[in-house]
>>> print(open('start.txt').read())   # compact mmCIF, C-alpha atoms and all ligand atoms
# COMPACT_ATOMS: atom_id res chain seq x y z
CA MET A 1 -86.59 -70.12 145.79
CA SER A 2 -86.05 -68.04 142.66
CA GLU A 3 -85.88 -70.04 139.43
CA LEU A 4 -82.71 -70.46 137.41
CA ASN A 5 -82.79 -71.39 133.73
CA ASN A 6 -79.25 -72.74 133.88
CA ASP A 7 -77.92 -73.99 137.22
CA ARG A 8 -75.06 -76.19 135.92
CA TYR A 9 -72.47 -74.00 137.60
CA LEU A 10 -74.10 -74.32 141.04
CA ARG A 11 -74.75 -78.04 140.53
CA ALA A 12 -71.12 -78.72 139.55
CA LEU A 13 -69.84 -76.83 142.61
CA LEU A 14 -71.96 -79.17 144.74
CA ARG A 15 -70.73 -82.19 142.76
CA GLN A 16 -74.20 -82.94 141.39
CA ASP A 17 -75.00 -84.29 137.90
CA VAL A 18 -74.82 -81.93 134.93
CA ASP A 19 -75.36 -82.42 131.18
CA THR A 20 -72.15 -80.67 130.19
CA THR A 21 -69.26 -79.07 132.14
CA PRO A 22 -70.07 -75.48 133.10
CA VAL A 23 -67.59 -72.75 132.19
CA TRP A 24 -66.90 -69.12 133.01
CA MET A 25 -63.70 -67.03 132.79
CA MET A 26 -61.97 -65.13 135.54
CA ARG A 27 -62.03 -61.42 134.57
CA GLN A 28 -64.58 -62.22 131.84
CA ALA A 29 -65.70 -58.58 131.89
CA GLY A 30 -62.74 -56.44 131.00
CA ARG A 31 -60.42 -54.74 128.62
CA TYR A 32 -60.19 -57.53 125.99
CA LEU A 33 -63.79 -56.57 125.06
CA PRO A 34 -64.22 -53.36 123.00
CA GLU A 35 -67.70 -52.89 124.51
CA TYR A 36 -66.13 -52.88 128.01
CA LYS A 37 -63.70 -50.14 126.98
CA ALA A 38 -66.60 -48.09 125.61
CA THR A 39 -68.63 -48.37 128.84
CA ARG A 40 -65.59 -47.62 130.97
CA ALA A 41 -64.95 -44.49 128.89
CA GLN A 42 -68.59 -43.50 129.41
CA ALA A 43 -68.15 -43.94 133.19
CA GLY A 44 -64.95 -41.84 133.14
CA ASP A 45 -62.77 -44.08 135.30
CA PHE A 46 -62.73 -47.53 136.83
CA MET A 47 -64.12 -46.65 140.28
CA SER A 48 -66.95 -44.59 138.75
CA LEU A 49 -67.83 -47.68 136.72
CA CYS A 50 -67.91 -49.79 139.92
CA ARG A 51 -70.04 -47.18 141.74
CA ASN A 52 -72.66 -46.91 138.99
CA ALA A 53 -75.04 -49.89 139.38
CA GLU A 54 -76.48 -49.60 135.86
CA LEU A 55 -73.05 -49.46 134.18
CA ALA A 56 -71.57 -52.17 136.45
CA CYS A 57 -74.55 -54.32 135.45
CA GLU A 58 -73.98 -53.52 131.78
CA VAL A 59 -70.34 -54.68 131.83
CA THR A 60 -71.26 -57.78 133.85
CA LEU A 61 -73.71 -58.79 131.12
CA GLN A 62 -71.47 -57.96 128.13
CA PRO A 63 -69.52 -61.26 128.07
CA LEU A 64 -72.81 -63.19 128.50
CA ARG A 65 -74.16 -61.60 125.33
CA ARG A 66 -71.15 -62.84 123.38
CA TYR A 67 -70.66 -66.31 124.87
CA PRO A 68 -72.91 -69.03 126.37
CA LEU A 69 -71.22 -68.72 129.78
CA ASP A 70 -72.69 -70.62 132.73
CA ALA A 71 -72.18 -67.89 135.35
CA ALA A 72 -72.00 -64.13 135.67
CA ILE A 73 -69.52 -62.48 138.06
CA LEU A 74 -70.28 -59.21 139.79
CA PHE A 75 -68.34 -56.38 138.21
CA SER A 76 -66.39 -54.77 141.04
CA ASP A 77 -62.91 -55.12 142.51
CA ILE A 78 -61.33 -56.73 145.57
CA LEU A 79 -59.91 -53.33 146.59
CA THR A 80 -63.33 -51.83 147.35
CA VAL A 81 -62.97 -53.18 150.92
CA PRO A 82 -59.71 -51.39 151.80
CA ASP A 83 -61.13 -48.29 150.11
CA ALA A 84 -64.17 -48.49 152.41
CA MET A 85 -61.74 -48.78 155.36
CA GLY A 86 -60.47 -45.32 154.47
CA LEU A 87 -57.25 -45.99 152.50
CA GLY A 88 -58.25 -43.92 149.47
CA LEU A 89 -58.10 -46.15 146.38
CA TYR A 90 -57.17 -44.55 143.07
CA PHE A 91 -56.04 -45.70 139.63
CA GLU A 92 -53.51 -43.82 137.59
CA GLN A 93 -53.66 -44.00 133.82
CA GLY A 94 -51.71 -47.05 132.68
CA GLU A 95 -50.80 -47.99 136.26
CA GLY A 96 -52.24 -50.48 138.68
CA PRO A 97 -54.27 -49.65 141.77
CA ARG A 98 -52.79 -47.32 144.43
CA PHE A 99 -53.70 -46.22 147.94
CA GLU A 100 -53.33 -42.66 149.19
CA ARG A 101 -52.89 -43.76 152.81
CA PRO A 102 -51.13 -47.15 153.01
CA LEU A 103 -50.72 -48.82 156.43
CA ARG A 104 -47.35 -48.40 158.08
CA SER A 105 -47.68 -49.27 161.77
CA MET A 106 -49.64 -50.96 164.51
CA ALA A 107 -51.31 -47.62 165.26
CA ASP A 108 -52.57 -47.44 161.64
CA VAL A 109 -53.96 -50.97 161.93
CA GLN A 110 -55.62 -50.28 165.29
CA ALA A 111 -57.34 -47.21 163.85
CA LEU A 112 -58.88 -49.17 160.93
CA PRO A 113 -62.66 -49.54 161.03
CA VAL A 114 -64.58 -52.66 159.95
CA PRO A 115 -66.85 -51.16 157.25
CA ASP A 116 -70.63 -51.57 157.23
CA PRO A 117 -71.29 -53.26 153.87
CA GLU A 118 -74.71 -51.63 153.50
CA ASP A 119 -73.22 -48.19 154.08
CA GLU A 120 -69.71 -47.57 152.67
CA LEU A 121 -70.11 -50.53 150.29
CA GLY A 122 -73.79 -49.99 149.55
CA TYR A 123 -72.92 -49.31 145.89
CA VAL A 124 -71.70 -52.92 145.55
CA MET A 125 -74.98 -54.25 146.98
CA ASN A 126 -76.92 -52.02 144.57
CA ALA A 127 -74.91 -53.49 141.70
CA VAL A 128 -75.66 -57.04 142.91
CA ARG A 129 -79.41 -56.32 143.10
CA THR A 130 -79.43 -54.64 139.69
CA ILE A 131 -77.50 -57.49 138.05
CA ARG A 132 -79.79 -60.14 139.57
CA ARG A 133 -82.82 -58.28 138.26
CA GLU A 134 -81.37 -57.96 134.76
CA LEU A 135 -80.07 -61.54 134.61
CA LYS A 136 -83.69 -62.71 134.92
CA GLY A 137 -82.56 -66.14 136.09
CA GLN A 138 -80.45 -66.80 132.98
CA VAL A 139 -77.39 -67.99 134.97
CA PRO A 140 -76.24 -67.66 138.61
CA LEU A 141 -74.39 -64.59 139.87
CA ILE A 142 -71.01 -65.00 141.59
CA GLY A 143 -70.07 -62.56 144.37
CA PHE A 144 -66.44 -62.24 145.46
CA SER A 145 -63.82 -60.68 147.67
CA GLY A 146 -60.06 -60.78 148.09
CA SER A 147 -58.50 -62.97 150.78
CA PRO A 148 -57.29 -61.10 153.88
CA TRP A 149 -53.65 -61.77 152.97
CA THR A 150 -54.07 -60.56 149.37
CA LEU A 151 -55.91 -57.42 150.49
CA ALA A 152 -53.25 -56.77 153.15
CA THR A 153 -50.47 -56.86 150.53
CA TYR A 154 -52.06 -53.93 148.66
CA MET A 155 -52.83 -52.05 151.90
CA VAL A 156 -49.29 -52.28 153.26
CA GLU A 157 -47.38 -51.96 149.97
CA GLY A 158 -49.65 -49.10 148.84
CA GLY A 159 -50.39 -50.83 145.52
CA SER A 160 -49.23 -53.76 143.38
CA SER A 161 -45.95 -55.36 144.32
CA LYS A 162 -43.32 -57.74 142.96
CA ALA A 163 -41.16 -58.40 146.04
CA PHE A 164 -43.70 -57.74 148.84
CA THR A 165 -40.96 -56.02 150.81
CA LYS A 166 -43.02 -53.91 153.19
CA ILE A 167 -45.57 -56.53 154.15
CA LYS A 168 -42.85 -59.14 154.73
CA GLN A 169 -40.98 -56.63 156.88
CA MET A 170 -44.16 -56.16 158.91
CA MET A 171 -44.59 -59.94 159.11
CA TYR A 172 -41.15 -60.38 160.70
CA ALA A 173 -40.91 -57.17 162.77
CA GLU A 174 -44.52 -56.76 163.92
CA PRO A 175 -46.40 -60.04 163.44
CA ALA A 176 -49.06 -58.96 165.95
CA ALA A 177 -49.88 -55.91 163.81
CA LEU A 178 -50.23 -58.08 160.72
CA HIS A 179 -52.42 -60.60 162.54
CA LEU A 180 -54.66 -57.79 163.82
CA LEU A 181 -54.95 -56.48 160.26
CA LEU A 182 -55.76 -59.93 158.83
CA ASP A 183 -58.34 -60.52 161.55
CA LYS A 184 -60.07 -57.19 160.85
CA LEU A 185 -60.02 -58.00 157.15
CA ALA A 186 -61.54 -61.44 157.76
CA ASP A 187 -64.34 -59.82 159.80
CA SER A 188 -64.85 -57.22 157.05
CA VAL A 189 -64.92 -59.86 154.30
CA ILE A 190 -67.44 -62.00 156.20
CA LEU A 191 -69.81 -59.02 156.52
CA TYR A 192 -69.18 -58.00 152.92
CA LEU A 193 -69.76 -61.45 151.38
CA ASN A 194 -72.81 -62.12 153.55
CA ALA A 195 -74.26 -58.79 152.43
CA GLN A 196 -73.60 -59.80 148.79
CA ILE A 197 -75.40 -63.11 149.43
CA ARG A 198 -78.39 -61.32 150.99
CA ALA A 199 -78.42 -58.92 148.01
CA GLY A 200 -78.56 -61.87 145.59
CA ALA A 201 -75.11 -63.43 144.98
CA GLN A 202 -75.77 -67.18 144.53
CA SER A 203 -72.19 -68.33 145.10
CA VAL A 204 -69.09 -66.57 146.40
CA MET A 205 -65.40 -66.84 145.57
CA VAL A 206 -62.39 -65.67 147.58
CA PHE A 207 -59.39 -64.61 145.47
CA ASP A 208 -56.05 -65.25 147.17
CA THR A 209 -53.91 -64.00 144.33
CA TRP A 210 -50.77 -63.58 146.45
CA GLY A 211 -50.91 -66.52 148.94
CA GLY A 212 -48.38 -68.31 146.73
CA VAL A 213 -45.60 -65.85 147.60
CA LEU A 214 -45.48 -67.17 151.19
CA THR A 215 -43.37 -70.00 152.60
CA PRO A 216 -45.30 -73.23 153.29
CA ARG A 217 -45.54 -72.41 157.02
CA ASP A 218 -46.36 -68.74 156.57
CA TYR A 219 -49.13 -69.56 154.06
CA LEU A 220 -50.98 -71.57 156.70
CA GLU A 221 -50.50 -68.92 159.39
CA PHE A 222 -51.04 -65.70 157.42
CA SER A 223 -53.33 -66.68 154.56
CA LEU A 224 -55.21 -69.96 154.94
CA ARG A 225 -56.07 -69.42 158.61
CA TYR A 226 -58.04 -66.27 157.73
CA MET A 227 -59.76 -67.82 154.71
CA HIS A 228 -60.82 -70.62 157.05
CA LYS A 229 -62.30 -68.04 159.40
CA ILE A 230 -64.23 -66.58 156.45
CA VAL A 231 -65.60 -69.99 155.39
CA ASP A 232 -66.78 -70.52 158.99
CA GLY A 233 -68.54 -67.14 159.04
CA LEU A 234 -70.41 -67.27 155.72
CA ILE A 235 -74.12 -67.79 155.13
CA ARG A 236 -74.20 -71.20 153.45
CA GLU A 237 -77.87 -71.32 152.54
CA HIS A 238 -80.04 -68.54 151.17
CA ASP A 239 -83.35 -68.33 149.33
CA GLY A 240 -83.82 -72.10 149.65
CA ARG A 241 -80.48 -73.00 148.06
CA ARG A 242 -76.97 -73.81 149.18
CA VAL A 243 -74.53 -70.95 148.49
CA PRO A 244 -71.29 -72.63 147.41
CA VAL A 245 -67.93 -71.10 148.41
CA THR A 246 -64.83 -71.35 146.21
CA LEU A 247 -61.32 -70.63 147.51
CA PHE A 248 -58.60 -69.84 144.98
CA THR A 249 -54.93 -69.44 145.90
CA LYS A 250 -52.81 -68.69 142.86
CA ASN A 251 -49.67 -70.83 143.01
CA GLY A 252 -51.35 -72.77 145.83
CA GLY A 253 -50.98 -76.29 144.40
CA GLN A 254 -48.93 -77.57 147.33
CA TRP A 255 -51.72 -76.76 149.84
CA LEU A 256 -54.73 -78.33 148.12
CA GLU A 257 -55.50 -80.75 150.97
CA GLN A 258 -55.38 -77.97 153.58
CA ILE A 259 -57.52 -75.65 151.44
CA ALA A 260 -60.11 -78.40 150.89
CA ALA A 261 -60.17 -79.08 154.65
CA THR A 262 -61.50 -75.57 155.42
CA GLY A 263 -65.04 -76.68 154.59
CA CYS A 264 -65.23 -74.77 151.30
CA ASP A 265 -67.26 -76.35 148.47
CA ALA A 266 -64.72 -75.86 145.69
CA VAL A 267 -61.03 -75.15 145.16
CA GLY A 268 -59.77 -73.02 142.28
CA LEU A 269 -56.66 -74.27 140.46
CA ASP A 270 -54.18 -72.28 138.46
CA TRP A 271 -52.52 -73.97 135.47
CA THR A 272 -49.41 -75.14 137.32
CA THR A 273 -51.27 -78.03 138.93
CA ASP A 274 -52.28 -81.09 136.90
CA ILE A 275 -56.05 -81.42 137.31
CA SER A 276 -55.90 -85.24 137.45
CA ASP A 277 -53.51 -84.99 140.44
CA ALA A 278 -55.77 -82.44 142.08
CA LYS A 279 -58.78 -84.69 141.57
CA ARG A 280 -56.95 -87.65 143.08
CA ARG A 281 -55.86 -85.56 146.07
CA ILE A 282 -59.07 -83.70 146.95
CA GLY A 283 -61.76 -84.64 144.41
CA ASP A 284 -63.66 -86.75 146.95
CA LYS A 285 -64.15 -83.68 149.19
CA VAL A 286 -64.63 -80.65 146.97
CA ALA A 287 -65.34 -79.55 143.42
CA LEU A 288 -62.46 -78.23 141.29
CA GLN A 289 -62.45 -75.05 139.24
CA GLY A 290 -59.95 -74.49 136.47
CA ASN A 291 -57.47 -74.70 134.99
CA MET A 292 -56.37 -73.73 131.48
CA ASP A 293 -53.39 -71.38 131.20
CA PRO A 294 -54.94 -68.07 130.09
CA SER A 295 -52.06 -67.69 127.60
CA LEU A 296 -53.51 -70.60 125.62
CA LEU A 297 -56.04 -68.09 124.28
CA TYR A 298 -53.19 -66.65 122.21
CA ALA A 299 -52.97 -70.01 120.39
CA ALA A 300 -54.88 -71.00 117.24
CA PRO A 301 -58.43 -72.39 117.72
CA ALA A 302 -57.36 -76.00 117.09
CA ARG A 303 -54.72 -75.74 119.83
CA ILE A 304 -57.24 -74.20 122.25
CA ARG A 305 -59.64 -77.10 121.63
CA GLU A 306 -56.84 -79.61 122.11
CA GLU A 307 -55.96 -78.08 125.49
CA VAL A 308 -59.60 -78.09 126.60
CA ALA A 309 -59.83 -81.77 125.60
CA THR A 310 -56.67 -82.59 127.58
CA ILE A 311 -57.97 -80.90 130.75
CA LEU A 312 -61.39 -82.60 130.42
CA ALA A 313 -59.66 -85.97 130.01
CA GLY A 314 -57.49 -85.19 133.04
CA PHE A 315 -60.56 -84.62 135.19
CA GLY A 316 -62.24 -87.60 133.54
CA LYS A 317 -65.75 -88.84 134.20
CA GLY A 318 -67.68 -87.69 137.20
CA ASN A 319 -69.12 -84.59 138.73
CA GLY A 320 -67.52 -81.62 140.37
CA HIS A 321 -65.67 -79.74 137.62
CA VAL A 322 -66.24 -76.09 136.76
CA PHE A 323 -64.08 -75.22 133.76
CA ASN A 324 -62.20 -71.91 133.95
CA LEU A 325 -58.89 -70.32 133.12
CA GLY A 326 -56.18 -70.71 135.75
CA HIS A 327 -56.14 -66.92 136.23
CA GLY A 328 -57.72 -63.86 134.62
CA ILE A 329 -58.08 -63.53 130.85
CA HIS A 330 -55.32 -61.35 129.36
CA GLN A 331 -56.38 -57.97 128.01
CA ASP A 332 -54.90 -58.49 124.54
CA VAL A 333 -56.59 -61.79 123.59
CA ASP A 334 -58.82 -62.01 120.55
CA PRO A 335 -62.43 -62.17 121.82
CA GLU A 336 -63.15 -64.83 119.18
CA HIS A 337 -60.65 -67.14 120.85
CA ALA A 338 -62.56 -66.84 124.12
CA GLY A 339 -65.64 -68.01 122.21
CA VAL A 340 -63.73 -71.01 120.83
CA PHE A 341 -62.74 -71.89 124.39
CA VAL A 342 -66.27 -71.68 125.85
CA ASP A 343 -67.82 -73.67 122.99
CA ALA A 344 -65.11 -76.33 123.19
CA VAL A 345 -65.83 -76.92 126.90
CA HIS A 346 -69.55 -77.46 126.29
CA GLU A 347 -69.10 -79.59 123.19
CA LEU A 348 -66.17 -81.77 124.25
CA SER A 349 -67.40 -82.41 127.81
CA ARG A 350 -70.72 -84.06 126.92
CA PRO A 351 -69.23 -87.59 126.71
CA TYR A 352 -68.02 -87.23 130.31
CA HIS A 353 -71.55 -86.75 131.67
CA GLY A 354 -74.60 -89.00 131.84
CA GLY A 355 -74.82 -92.64 130.89
O1 LIG B 401 -58.54 -50.29 133.66
C1 LIG B 401 -59.50 -50.99 133.98
O2 LIG B 401 -60.57 -51.06 133.33
C2 LIG B 401 -59.36 -51.72 135.25
C3 LIG B 401 -58.94 -53.14 135.17
C4 LIG B 401 -59.67 -53.88 136.26
C5 LIG B 401 -60.80 -54.71 136.06
C6 LIG B 401 -61.51 -55.04 134.78
C7 LIG B 401 -59.41 -53.84 137.63
C8 LIG B 401 -58.35 -53.06 138.33
N1 LIG B 401 -60.33 -54.63 138.29
C9 LIG B 401 -61.19 -55.18 137.37
C10 LIG B 401 -62.36 -56.03 137.67
C11 LIG B 401 -62.20 -57.17 138.57
N2 LIG B 401 -61.17 -57.38 139.44
C12 LIG B 401 -63.13 -58.24 138.73
C13 LIG B 401 -64.54 -58.34 138.14
C14 LIG B 401 -64.74 -58.67 136.77
C15 LIG B 401 -64.64 -60.05 136.21
O3 LIG B 401 -64.00 -60.99 136.75
O4 LIG B 401 -65.20 -60.19 135.14
C16 LIG B 401 -62.57 -59.14 139.66
C17 LIG B 401 -63.15 -60.47 140.11
C18 LIG B 401 -61.36 -58.58 140.09
C19 LIG B 401 -60.52 -59.18 141.13
C20 LIG B 401 -59.18 -58.64 141.43
N3 LIG B 401 -58.75 -57.33 141.44
C21 LIG B 401 -58.11 -59.44 141.89
C22 LIG B 401 -58.20 -60.92 142.15
C23 LIG B 401 -58.22 -61.74 140.91
C24 LIG B 401 -56.95 -61.71 140.09
O5 LIG B 401 -57.08 -61.39 138.89
O6 LIG B 401 -55.88 -62.04 140.62
C25 LIG B 401 -57.00 -58.60 142.10
C26 LIG B 401 -55.62 -58.99 142.56
C27 LIG B 401 -57.41 -57.25 141.83
C28 LIG B 401 -56.63 -56.01 141.99
C29 LIG B 401 -56.64 -55.23 140.73
N4 LIG B 401 -57.66 -54.42 140.35
C30 LIG B 401 -57.41 -53.90 139.10
C31 LIG B 401 -56.18 -54.44 138.66
C32 LIG B 401 -55.52 -54.14 137.35
C33 LIG B 401 -55.71 -55.29 139.68
C34 LIG B 401 -54.45 -56.13 139.66
C35 LIG B 401 -53.30 -55.37 140.14
C36 LIG B 401 -52.06 -56.25 140.30
O7 LIG B 401 -51.71 -56.99 139.35
O8 LIG B 401 -51.46 -56.21 141.38
>>> encode(input="start.txt", output="structure tokens")
Amino acid sequence: MSELNNDRYLRALLRQDVDTTPVWMMRQAGRYLPEYKATRAQAGDFMSLCRNAELACEVTLQPLRRYPLDAAILFSDILTVPDAMGLGLYFEQGEGPRFERPLRSMADVQALPVPDPEDELGYVMNAVRTIRRELKGQVPLIGFSGSPWTLATYMVEGGSSKAFTKIKQMMYAEPAALHLLLDKLADSVILYLNAQIRAGAQSVMVFDTWGGVLTPRDYLEFSLRYMHKIVDGLIREHDGRRVPVTLFTKNGGQWLEQIAATGCDAVGLDWTTDISDAKRRIGDKVALQGNMDPSLLYAAPARIREEVATILAGFGKGNGHVFNLGHGIHQDVDPEHAGVFVDAVHELSRPYHGG
């Protein structure tokens, strides 16, 4: 078993004792940091940054040099998987992600390959190995993927979406095609996350950013069912340690019990759920990750600290809380405010642990 200097994050996910509540931030490497923008410019574009193990490692470590974060997250993107399936991912200046060849029909779905993670996605595994080497056991490394449903939205819409028109049309007109797609994506994600674990990821998280746009019934059928398949297919122990799995559905507050029942170790919460309610509902089964509104980082330091204190009090005493934002950090926040947030979690959470 390789040694970790700080394993609070892994311990909290397993609901074990910690000295202070661990904290990291979704999208902690990114455009709010001037040093990220400089490295991205050096790489040329976003995908070149992801494909270069040394530069991907550099941007992964940048937020850890500024803040005493309790975890690092692999610098990559959820859309590497559809790209490896042949859809042709590209980013246009000032625009979101796009695909050259979006999926339109059952025939397109049938023709999709399940990518070999050591081949088409070998650059991600190289980044994982490089980051682990450079972290030198400072904190654990989180690997990740998108949920099948969330990946499918980009693959069918051809990019970001507001109304999800095309994928919902497919859902009603050709549900078998959508199920085949989701099943292939679940198989691809299992291989991809297991390869990340073998390469050195010490915990994995599945981002279901768009599960919350589904009706209550459709969420269970088209999103949660395939995340459950992933949880069942993952390596849960590696290098002598349990590899915790976190599932995060944005806007998923109404399904917490069903998410917790998949057998995952932790459930991510956005800011629209009260953490004390979440703890009452599922806190005896899983750890909770979250859940400050990322917009709070626009507030003054005193207000940020007050919000951190309120969330800590909501969770109360006991194990099983990983502090985070309820979604990714916004690109125009003041980096100093992120530091206020991280320090407030460590300082204000001590009374909730030990004794
Ligand atoms: O211009 C740039 O530099 C690119 C911006 C960017 C960044 C920094 C993109 C494009 N991806 C990333 C990195 C990233 N994406 C990480 C790793 C870094 C970290 O957390 O520190 C992770 C975990 C993601 C995950 C991701 N990508 C999600 C799920 C989480 C979430 O925020 O909801 C989603 C939906 C994506 C798609 C994507 N990739 C990039 C953008 C701008 C988007 C969102 C597009 C949209 O809103 O639909």
>>> atom_distance(input="start.txt", atom1="atom CA of A:Arg8", atom2="atom CA of A:Gly326")
19.7 Å
>>> residues_around(input="start.txt", residues="A:Gly268", least_positions_apart="5", cutoff="8 Å", atoms="only C-alpha atoms", output="mmCIF file with C-alpha atoms, in the frame of the given file")
data_model
loop_
_atom_site.group_PDB
_atom_site.id
_atom_site.type_symbol
_atom_site.label_atom_id
_atom_site.label_comp_id
_atom_site.auth_asym_id
_atom_site.auth_seq_id
_atom_site.Cartn_x
_atom_site.Cartn_y
_atom_site.Cartn_z
ATOM 1 C CA THR A 246 -64.830 -71.350 146.210
ATOM 2 C CA LEU A 247 -61.320 -70.630 147.510
ATOM 3 C CA PHE A 248 -58.600 -69.840 144.980
ATOM 4 C CA THR A 249 -54.930 -69.440 145.900
ATOM 5 C CA LEU A 288 -62.460 -78.230 141.290
ATOM 6 C CA GLN A 289 -62.450 -75.050 139.240
ATOM 7 C CA GLY A 290 -59.950 -74.490 136.470
ATOM 8 C CA ASN A 291 -57.470 -74.700 134.990
ATOM 9 C CA GLY A 326 -56.180 -70.710 135.750
#
>>> closest_atom_pairs(input="start.txt", of="chain A", to="ligand LIG 401 (chain B)", cutoff="8 Å", atoms="only C-alpha atoms and all ligand atoms", output="JSON lines")
{"residue": "A:Met25", "atom": "CA", "partner": "B:LIG401", "partner_atom": "O3", "distance": 7.2}
{"residue": "A:Met26", "atom": "CA", "partner": "B:LIG401", "partner_atom": "O3", "distance": 4.8}
{"residue": "A:Arg27", "atom": "CA", "partner": "B:LIG401", "partner_atom": "O3", "distance": 3.0}
{"residue": "A:Gln28", "atom": "CA", "partner": "B:LIG401", "partner_atom": "O4", "distance": 3.9}
{"residue": "A:Ala29", "atom": "CA", "partner": "B:LIG401", "partner_atom": "O4", "distance": 3.7}
{"residue": "A:Gly30", "atom": "CA", "partner": "B:LIG401", "partner_atom": "C6", "distance": 4.2}
{"residue": "A:Arg31", "atom": "CA", "partner": "B:LIG401", "partner_atom": "O2", "distance": 6.0}
{"residue": "A:Tyr36", "atom": "CA", "partner": "B:LIG401", "partner_atom": "O2", "distance": 7.9}
{"residue": "A:Lys37", "atom": "CA", "partner": "B:LIG401", "partner_atom": "O2", "distance": 7.1}
{"residue": "A:Arg40", "atom": "CA", "partner": "B:LIG401", "partner_atom": "O2", "distance": 6.5}
{"residue": "A:Asp45", "atom": "CA", "partner": "B:LIG401", "partner_atom": "O2", "distance": 7.6}
{"residue": "A:Phe46", "atom": "CA", "partner": "B:LIG401", "partner_atom": "O2", "distance": 5.4}
{"residue": "A:Thr60", "atom": "CA", "partner": "B:LIG401", "partner_atom": "O4", "distance": 6.6}
{"residue": "A:Ala72", "atom": "CA", "partner": "B:LIG401", "partner_atom": "O4", "distance": 7.9}
{"residue": "A:Ile73", "atom": "CA", "partner": "B:LIG401", "partner_atom": "O4", "distance": 5.7}
{"residue": "A:Leu74", "atom": "CA", "partner": "B:LIG401", "partner_atom": "C13", "distance": 6.0}
{"residue": "A:Phe75", "atom": "CA", "partner": "B:LIG401", "partner_atom": "C13", "distance": 4.3}
{"residue": "A:Ser76", "atom": "CA", "partner": "B:LIG401", "partner_atom": "C13", "distance": 5.0}
{"residue": "A:Asp77", "atom": "CA", "partner": "B:LIG401", "partner_atom": "N2", "distance": 4.2}
{"residue": "A:Ile78", "atom": "CA", "partner": "B:LIG401", "partner_atom": "N3", "distance": 4.9}
{"residue": "A:Leu79", "atom": "CA", "partner": "B:LIG401", "partner_atom": "C28", "distance": 6.3}
{"residue": "A:Phe91", "atom": "CA", "partner": "B:LIG401", "partner_atom": "C8", "distance": 7.8}
{"residue": "A:Gln93", "atom": "CA", "partner": "B:LIG401", "partner_atom": "O1", "distance": 8.0}
{"residue": "A:Gly94", "atom": "CA", "partner": "B:LIG401", "partner_atom": "O1", "distance": 7.6}
{"residue": "A:Glu95", "atom": "CA", "partner": "B:LIG401", "partner_atom": "C32", "distance": 7.8}
{"residue": "A:Gly96", "atom": "CA", "partner": "B:LIG401", "partner_atom": "C32", "distance": 5.1}
{"residue": "A:Pro97", "atom": "CA", "partner": "B:LIG401", "partner_atom": "C30", "distance": 5.9}
{"residue": "A:Phe144", "atom": "CA", "partner": "B:LIG401", "partner_atom": "C17", "distance": 6.5}
{"residue": "A:Ser145", "atom": "CA", "partner": "B:LIG401", "partner_atom": "C19", "distance": 7.5}
{"residue": "A:Gly146", "atom": "CA", "partner": "B:LIG401", "partner_atom": "C22", "distance": 6.2}
{"residue": "A:Thr150", "atom": "CA", "partner": "B:LIG401", "partner_atom": "C26", "distance": 7.2}
{"residue": "A:Tyr154", "atom": "CA", "partner": "B:LIG401", "partner_atom": "O8", "distance": 7.7}
{"residue": "A:Gly159", "atom": "CA", "partner": "B:LIG401", "partner_atom": "O8", "distance": 6.9}
{"residue": "A:Ser160", "atom": "CA", "partner": "B:LIG401", "partner_atom": "O8", "distance": 3.9}
{"residue": "A:Ser161", "atom": "CA", "partner": "B:LIG401", "partner_atom": "O8", "distance": 6.3}
{"residue": "A:Phe207", "atom": "CA", "partner": "B:LIG401", "partner_atom": "C22", "distance": 5.1}
{"residue": "A:Asp208", "atom": "CA", "partner": "B:LIG401", "partner_atom": "C22", "distance": 7.0}
{"residue": "A:Thr209", "atom": "CA", "partner": "B:LIG401", "partner_atom": "O6", "distance": 4.6}
{"residue": "A:Trp210", "atom": "CA", "partner": "B:LIG401", "partner_atom": "C26", "distance": 7.7}
{"residue": "A:Lys250", "atom": "CA", "partner": "B:LIG401", "partner_atom": "O6", "distance": 7.7}
{"residue": "A:His327", "atom": "CA", "partner": "B:LIG401", "partner_atom": "O5", "distance": 6.2}
{"residue": "A:Gly328", "atom": "CA", "partner": "B:LIG401", "partner_atom": "O5", "distance": 5.0}
>>> atom_distance(input="start.txt", atom1="atom CA of A:Met205", atom2="atom CA of A:Ser147")
9.5 Å
>>> closest_residue(input="start.txt", among="A:Leu297, A:Val231, A:Leu69, A:Met106", to="A:Met170", atoms="all atoms listed in the file")
A:Met106
>>> atom_distance(input="start.txt", atom1="atom CA of A:Met155", atom2="atom CA of A:Thr39")
28.2 Å
>>> closest_residue(input="start.txt", among="A:Val308, A:Ile329, A:Ile275, A:Leu112", to="A:Val342", atoms="all atoms listed in the file")
A:Val308
>>> residues_around(input="start.txt", residues="A:Met85", least_positions_apart="6", cutoff="12 Å", atoms="only C-alpha atoms", output="PyMOL selection string")
chain A and resi 79+99+101-103+108-117+119-121+151-152+155+181+184-185+188-189
>>> closest_residue(input="start.txt", among="A:Gly44, A:Gly211, A:Pro216, A:Pro301", to="A:Phe341", atoms="all atoms listed in the file")
A:Pro301
>>> closest_residue(input="start.txt", among="A:Thr20, A:Tyr32, A:Ala107, A:Arg217", to="A:His330", atoms="only C-alpha atoms")
A:Tyr32
>>> closest_residue(input="start.txt", among="A:Ala300, A:Val156, A:Leu4, A:Ala266", to="A:Gly137", atoms="only C-alpha atoms")
A:Leu4
>>> residues_around(input="start.txt", residues="A:Ser203", least_positions_apart="6", cutoff="8 Å", atoms="all atoms listed in the file", output="PyMOL selection string")
chain A and resi 10+140-143+197+243-245
>>> closest_residue(input="start.txt", among="A:Val322, A:Leu214, A:Ile235, A:Ala41", to="A:Gln254", atoms="only C-alpha atoms")
A:Leu214
